[in-house]
Every structure is written in C-alpha cells, then in structure tokens.
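Shown below: final.txt, with compact mmCIF, C-alpha atoms and all ligand atoms.
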# COMPACT_ATOMS: atom_id res chain seq x y z
CA MET X 1 -20.10 -6.82 -1.78
CA VAL X 2 -18.18 -3.55 -1.87
CA ARG X 3 -20.36 -0.44 -2.14
CA LYS X 4 -20.14 1.83 -5.18
CA ARG X 5 -17.53 4.56 -5.03
CA ILE X 6 -18.85 8.01 -4.02
CA ILE X 7 -16.81 11.03 -5.14
CA GLU X 8 -15.79 13.19 -2.17
CA THR X 9 -14.21 16.23 -3.84
CA ASN X 10 -12.65 17.25 -7.13
CA GLU X 11 -11.07 20.37 -5.66
CA GLY X 12 -9.07 19.05 -2.74
CA ILE X 13 -9.50 20.37 0.81
CA GLN X 14 -10.05 24.11 0.50
CA ASN X 15 -12.20 25.38 3.35
CA GLU X 16 -10.21 26.98 6.21
CA VAL X 17 -12.11 25.18 8.99
CA THR X 18 -11.78 21.78 7.29
CA VAL X 19 -8.08 22.43 6.66
CA ASP X 20 -7.61 23.19 10.36
CA ILE X 21 -9.40 19.98 11.43
CA PHE X 22 -7.42 17.96 8.90
CA ASN X 23 -4.18 19.48 10.21
CA GLN X 24 -5.04 18.31 13.75
CA PHE X 25 -5.81 14.82 12.43
CA ALA X 26 -2.63 14.62 10.30
CA LYS X 27 -0.57 15.62 13.34
CA THR X 28 -2.02 12.74 15.37
CA MET X 29 -1.19 10.37 12.51
CA ARG X 30 2.36 11.76 12.40
CA ASP X 31 2.72 11.29 16.16
CA LYS X 32 1.60 7.65 15.86
CA GLY X 33 4.07 7.13 13.00
CA TRP X 34 1.25 6.18 10.61
CA ASN X 35 2.50 8.04 7.58
CA ASN X 36 3.83 5.43 5.11
CA VAL X 37 7.31 6.98 5.12
CA ASP X 38 8.76 3.45 5.35
CA SER X 39 6.91 2.47 2.17
CA PHE X 40 8.43 5.39 0.26
CA LEU X 41 11.93 4.58 1.52
CA LYS X 42 11.53 0.85 0.83
CA ALA X 43 10.32 1.65 -2.69
CA GLY X 44 13.74 3.31 -3.19
CA ILE X 45 12.74 6.98 -2.99
CA THR X 46 15.65 8.19 -0.87
CA LYS X 47 17.37 11.02 -2.72
CA GLY X 48 17.32 13.55 -5.54
CA ASN X 49 14.52 15.78 -6.72
CA VAL X 50 11.30 14.38 -5.36
CA LEU X 51 7.69 15.41 -5.94
CA GLU X 52 4.95 14.94 -3.36
CA ILE X 53 1.38 15.09 -4.70
CA GLY X 54 -1.21 16.51 -2.30
CA PRO X 55 1.05 17.14 0.72
CA GLY X 56 -1.78 18.81 2.67
CA PRO X 57 -0.22 20.14 5.90
CA GLY X 58 3.06 18.54 4.87
CA TYR X 59 3.88 16.11 7.72
CA VAL X 60 4.27 13.02 5.50
CA GLY X 61 6.74 14.60 3.08
CA LEU X 62 8.58 16.39 5.88
CA GLU X 63 8.98 13.16 7.86
CA TRP X 64 10.26 11.50 4.69
CA LEU X 65 12.66 14.40 4.05
CA LYS X 66 14.07 14.07 7.59
CA GLU X 67 15.17 10.54 6.61
CA SER X 68 16.51 11.50 3.18
CA GLU X 69 19.57 13.69 3.51
CA ASN X 70 20.38 14.17 -0.15
CA ALA X 71 16.94 15.12 -1.31
CA LYS X 72 14.86 18.14 -2.24
CA LEU X 73 11.09 18.04 -2.05
CA THR X 74 8.52 19.82 -4.20
CA GLY X 75 4.94 19.60 -2.93
CA LEU X 76 2.19 20.07 -5.51
CA GLU X 77 -0.99 21.06 -3.67
CA ILE X 78 -4.30 22.35 -5.02
CA SER X 79 -5.33 24.14 -1.80
CA GLU X 80 -3.77 27.48 -0.85
CA ASN X 81 -4.91 27.07 2.75
CA MET X 82 -3.06 23.76 2.97
CA ILE X 83 0.07 25.35 1.50
CA LYS X 84 0.03 28.06 4.22
CA ILE X 85 0.10 25.38 6.92
CA ALA X 86 2.67 23.26 5.07
CA ASN X 87 5.03 26.25 4.84
CA GLN X 88 4.67 26.91 8.59
CA ASN X 89 5.36 23.25 9.31
CA ALA X 90 8.41 23.18 7.04
CA LYS X 91 9.82 26.08 9.11
CA GLU X 92 9.08 24.24 12.36
CA TYR X 93 10.96 21.21 11.01
CA GLY X 94 13.83 23.51 9.99
CA LEU X 95 13.54 22.13 6.46
CA GLN X 96 12.23 25.18 4.59
CA SER X 97 15.37 25.44 2.42
CA LYS X 98 14.78 21.90 1.12
CA VAL X 99 11.06 22.17 0.36
CA ASP X 100 9.06 24.13 -2.15
CA TYR X 101 5.25 24.05 -2.13
CA VAL X 102 3.63 24.83 -5.46
CA GLN X 103 -0.07 25.54 -5.90
CA GLY X 104 -1.52 23.54 -8.78
CA ASN X 105 -3.54 20.57 -9.95
CA CYS X 106 -1.87 17.19 -10.38
CA LEU X 107 -4.13 16.46 -13.36
CA GLN X 108 -1.98 18.92 -15.26
CA MET X 109 1.32 19.30 -13.48
CA PRO X 110 3.23 22.57 -13.93
CA PHE X 111 6.54 20.72 -14.47
CA ASP X 112 8.63 19.71 -17.48
CA GLU X 113 8.94 16.08 -18.45
CA ASN X 114 11.84 14.14 -16.87
CA SER X 115 12.00 16.54 -13.87
CA PHE X 116 11.92 14.19 -10.86
CA ASP X 117 13.86 11.23 -9.48
CA GLY X 118 10.88 10.18 -7.40
CA VAL X 119 7.16 10.85 -6.90
CA LEU X 120 5.35 10.04 -3.67
CA SER X 121 1.86 10.66 -2.34
CA ASN X 122 -0.20 9.60 0.67
CA GLY X 123 -3.96 9.83 1.12
CA SER X 124 -4.61 11.98 -1.94
CA LEU X 125 -5.39 9.50 -4.76
CA HIS X 126 -9.07 9.19 -3.77
CA GLU X 127 -9.52 12.94 -4.36
CA TRP X 128 -8.10 13.06 -7.89
CA GLU X 129 -10.83 13.82 -10.39
CA ASP X 130 -9.20 11.70 -13.11
CA PRO X 131 -6.55 9.37 -11.62
CA LEU X 132 -5.66 7.95 -15.03
CA LYS X 133 -4.52 11.42 -16.10
CA VAL X 134 -2.50 11.75 -12.90
CA PHE X 135 -0.69 8.42 -13.39
CA ASN X 136 0.16 9.55 -16.93
CA GLU X 137 1.42 12.84 -15.54
CA ILE X 138 3.55 10.98 -12.98
CA ASN X 139 5.06 9.00 -15.85
CA ARG X 140 5.72 12.20 -17.80
CA VAL X 141 7.44 14.17 -15.02
CA LEU X 142 9.58 11.25 -13.80
CA LYS X 143 13.09 10.86 -15.20
CA PRO X 144 13.84 7.51 -16.87
CA ASN X 145 14.23 4.94 -14.05
CA GLY X 146 12.57 7.39 -11.65
CA ILE X 147 10.51 5.72 -8.93
CA PHE X 148 6.98 6.40 -7.71
CA CYS X 149 5.05 5.18 -4.68
CA ILE X 150 1.43 6.12 -3.98
CA THR X 151 -0.44 5.09 -0.83
CA ASP X 152 -4.07 5.58 0.13
CA MET X 153 -7.05 4.03 1.92
CA ARG X 154 -8.97 1.24 0.20
CA ARG X 155 -12.75 0.86 0.01
CA ASP X 156 -12.62 -2.95 0.17
CA VAL X 157 -11.31 -2.90 3.76
CA SER X 158 -13.24 -5.15 6.21
CA GLY X 159 -16.24 -3.62 7.97
CA ILE X 160 -14.84 -4.40 11.44
CA LEU X 161 -11.56 -2.63 10.70
CA LYS X 162 -13.38 0.33 9.20
CA TRP X 163 -15.42 0.92 12.37
CA MET X 164 -12.47 0.24 14.69
CA ILE X 165 -10.49 2.94 12.92
CA TYR X 166 -13.52 5.25 12.74
CA PHE X 167 -13.96 5.22 16.53
CA SER X 168 -10.24 5.68 17.22
CA THR X 169 -9.83 8.58 14.78
CA LYS X 170 -9.16 11.96 16.41
CA PRO X 171 -10.28 14.68 16.57
CA LYS X 172 -13.89 13.42 16.54
CA LYS X 173 -14.82 16.17 14.09
CA ILE X 174 -12.80 14.43 11.35
CA ARG X 175 -14.83 11.18 11.57
CA PRO X 176 -17.49 12.06 8.94
CA GLY X 177 -14.64 13.14 6.65
CA PHE X 178 -12.88 9.84 7.32
CA LEU X 179 -15.96 7.93 6.12
CA SER X 180 -16.44 10.08 3.03
CA SER X 181 -12.75 9.63 2.13
CA LEU X 182 -13.05 5.87 2.57
CA ASN X 183 -16.18 5.79 0.37
CA ALA X 184 -14.28 7.71 -2.30
CA SER X 185 -11.25 5.45 -2.21
CA TYR X 186 -10.50 2.68 -4.72
CA THR X 187 -10.53 -1.07 -4.35
CA ILE X 188 -7.43 -3.04 -5.28
CA GLU X 189 -9.19 -4.31 -8.42
CA GLU X 190 -10.29 -0.84 -9.51
CA LEU X 191 -6.74 0.43 -9.13
CA ARG X 192 -5.34 -2.48 -11.16
CA GLU X 193 -7.83 -1.80 -13.97
CA LEU X 194 -6.95 1.87 -13.96
CA LEU X 195 -3.21 1.26 -14.15
CA LYS X 196 -3.64 -1.17 -17.04
CA GLN X 197 -4.98 1.73 -19.10
CA SER X 198 -2.18 4.12 -18.08
CA ARG X 199 1.22 4.82 -19.65
CA VAL X 200 2.93 3.47 -16.55
CA ASN X 201 4.16 0.00 -17.39
CA GLU X 202 6.37 -1.16 -14.51
CA TYR X 203 4.42 -1.28 -11.28
CA MET X 204 3.04 -3.44 -8.49
CA VAL X 205 -0.19 -2.97 -6.57
CA HIS X 206 -0.04 -4.06 -2.93
CA LYS X 207 -2.90 -4.69 -0.54
CA GLU X 208 -2.07 -3.31 2.91
CA PHE X 209 -3.78 -3.99 6.23
CA PHE X 210 -5.92 -0.87 5.95
CA GLY X 211 -4.90 0.71 2.66
CA LEU X 212 -3.29 0.15 -0.70
CA ARG X 213 0.05 0.98 -2.25
CA VAL X 214 1.22 1.16 -5.83
CA SER X 215 4.90 1.47 -6.56
CA GLY X 216 6.90 1.26 -9.74
CA LYS X 217 9.29 3.05 -12.05
CA LYS X 218 9.47 4.79 -15.39
CA SER X 219 11.08 2.41 -17.83
C1 LIG Y 301 -6.57 13.74 2.51
S1 LIG Y 301 -5.35 14.96 2.19
C2 LIG Y 301 -3.81 14.11 2.52
C3 LIG Y 301 -2.73 15.06 2.89
C4 LIG Y 301 -1.37 14.44 3.19
N1 LIG Y 301 -0.81 13.81 2.03
C5 LIG Y 301 -1.46 13.45 4.32
O1 LIG Y 301 -1.32 12.24 4.11
O2 LIG Y 301 -1.65 13.91 5.47
C6 LIG Y 301 -5.34 15.07 0.42
C7 LIG Y 301 -4.62 16.30 -0.09
O3 LIG Y 301 -4.56 16.24 -1.52
C8 LIG Y 301 -4.85 17.52 -2.04
N2 LIG Y 301 -5.37 17.36 -3.42
C9 LIG Y 301 -6.56 16.82 -3.79
N3 LIG Y 301 -6.72 16.84 -5.12
C10 LIG Y 301 -5.59 17.41 -5.62
C11 LIG Y 301 -5.16 17.72 -6.94
N4 LIG Y 301 -5.95 17.46 -7.99
N5 LIG Y 301 -3.95 18.30 -7.11
C12 LIG Y 301 -3.16 18.58 -6.04
N6 LIG Y 301 -3.52 18.33 -4.75
C13 LIG Y 301 -4.71 17.74 -4.54
C14 LIG Y 301 -5.92 18.06 -1.07
O4 LIG Y 301 -6.10 19.46 -1.14
C15 LIG Y 301 -5.35 17.59 0.26
O5 LIG Y 301 -4.45 18.52 0.81
Please, can you express the file's structure as structure tokens?
Amino acid sequence: MVRKRIIETNEGIQNEVTVDIFNQFAKTMRDKGWNNVDSFLKAGITKGNVLEIGPGPGYVGLEWLKESENAKLTGLEISENMIKIANQNAKEYGLQSKVDYVQGNCLQMPFDENSFDGVLSNGSLHEWEDPLKVFNEINRVLKPNGIFCITDMRRDVSGILKWMIYFSTKPKKIRPGFLSSLNASYTIEELRELLKQSRVNEYMVHKEFFGLRVSGKKS
C-alpha cells in the first residue's frame, strides 16, 4: 500500500543554504542528462513563448531552450534566492536575452490569459499548495492549442527503486530532501483524479520508470 502524502512545503525552496544544496544536486542531474527535456520536446513544446513553472536554478529550462531555437522562456519562480542562481546560470549559458525569470506564485500567475504557446515544469508539482488551481491557471495562460507538459516524481514508485536512487543521489546532504519530496509527490491515480476536476480537458497521464508525466493541450 502507498503511504499517505505528506506536504513538504507550500512556499517553495527559500532558504539560502537549501537553495545552494539544491543547485549542486540539479547540476548533477543536468550532467547526467536526467532533466526530461526530451519529454517536453516530444510533447511538441519546441518554439514560441514558453512558460516554465518552478525553474529553480534553471538548468532544465535552459537545456530545453538550447534545443529550441525559435523560443523565448519565462520562468515563474516563488523563491528569490532561486531566481538569483537562475539568472547567473542563464548568463553562463549565454541565453540571458531569451529568458526572463519572474518572481511569483503559480497558484495565481501574473500573466494574461492566452499568453503562452507552451507550459513546462519539472519537479515542482509536488510543492504546489493547490495543484488543481495551478492546472486551471495553466489552462488560462495557454493560447488555444497551446501545449503543456509537467513531469515530477511519483510516490507509488517501487521501494527498491526508491532506495537505489536515494543512495546514488548527490550531494549526500540532499538525500533527506529527496525523501521528503518523494513523500509529497502524487501517485498516478491521485493525479488522474485531480485532472478530472480541472478545466484542462485534453491530456494524458503517463507512468514513467521513476516519475510521472502529464501532457496535453488547451482545446
Ligand atoms: C524541486 S525544485 C525543481 C527545480 C527545477 N524545476 C528542477 O527540476 O531542477 C521546485 C521548484 O519549484 C518552486 N516552486 C514551488 N512552489 C512554487 C509556486 N507555488 N510557484 C512558483 N514556484 C514554485 C520552488 O521554489 C523550487 O525552485
């Protein structure tokens, strides 16, 4: 039986020390190529005005942007400390003219309706205080036919896999955070139930080896 979900945070990753540890971890994930960029591209998010929810230090969106020549990226991030690092990283990638990081909460996005051709997000869903609101916001800010793709961990992953990943996660200091994120993540069934109640009506939920993915479009 899958254990009950335990909320990890409703405010994102704010603390400077935690942000620094997360940045080290996200860099190792980037270097291994474990960033779900392929999922975003395969979903059809390849160009135009694209929103990333919860970019953190930015590597995922920046790696995606490297592959998407005719695109501009807006990152909506609740944590100012994360935005500082994301801006530095955008400079290191030489992509600062194509990215804009905005501080704000995805429960109430500071954007007009029909603003984006695509919305992507990795590893942030489990931190959203009210994910139903966020899916409705995604639907609002997407242009008609705009595409979204959201990836995250899933709580119904097998115990063996969970511990294998736990012991291979670096730096070691991130391991307790890895477990609390996993405990806060959704199961495939929970995500399906949630989406049924949302205004999004064209979507598919996919079970991945370690995580989950929901992709769809605004019809
Ligand atoms: C676990 S990190 C993932 C970062 C990055 N997407 C990655 O895959 O490396 C989750 C990020 O989502 C941000 N976040 C959490 N809740 C948020 C919200 N309500 N609105 C905007 N950003 C949020 C956190 O501050 C954090 O930077």
| request: With only C-alpha atoms counted, which protein, DNA or RNA residues have an atom no more than 12 Å from (8.2, 2.4, -0.9) in the file frame? Please answer as an MDAnalysis selection string. | output: chainID X and resid 35:46 64 118:122 147:151 203:206 212:217
| request: Could you pull out the residues sitting within 8 Å of ligand LIG 301 (chain Y), using all atoms listed in the file, and write them as a PyMOL selection string? | output: chain X and resi 9-14+19+22-23+26+29+35+52-61+76-79+82+103-107+121-125+127-129+181
Centre and size of axis-aligned box enclosing region 151-161 of chain X plus 5 Å each side, as JSON:
{"center_x": -8.3, "center_y": 0.2, "center_z": 5.3, "size_x": 25.8, "size_y": 20.7, "size_z": 22.3}
| said: Please compute the CA of Glu8 (chain X)-CA of His126 (chain X) distance, one decimal, in Å. | reply: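 These two atoms are separated by 8.0 Å.
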| Nearest-residue call for Ser219 (chain X), choices X:Asn114, X:Asn145, X:Ser185, X:Thr169, using only C-alpha atoms | X:Asn145
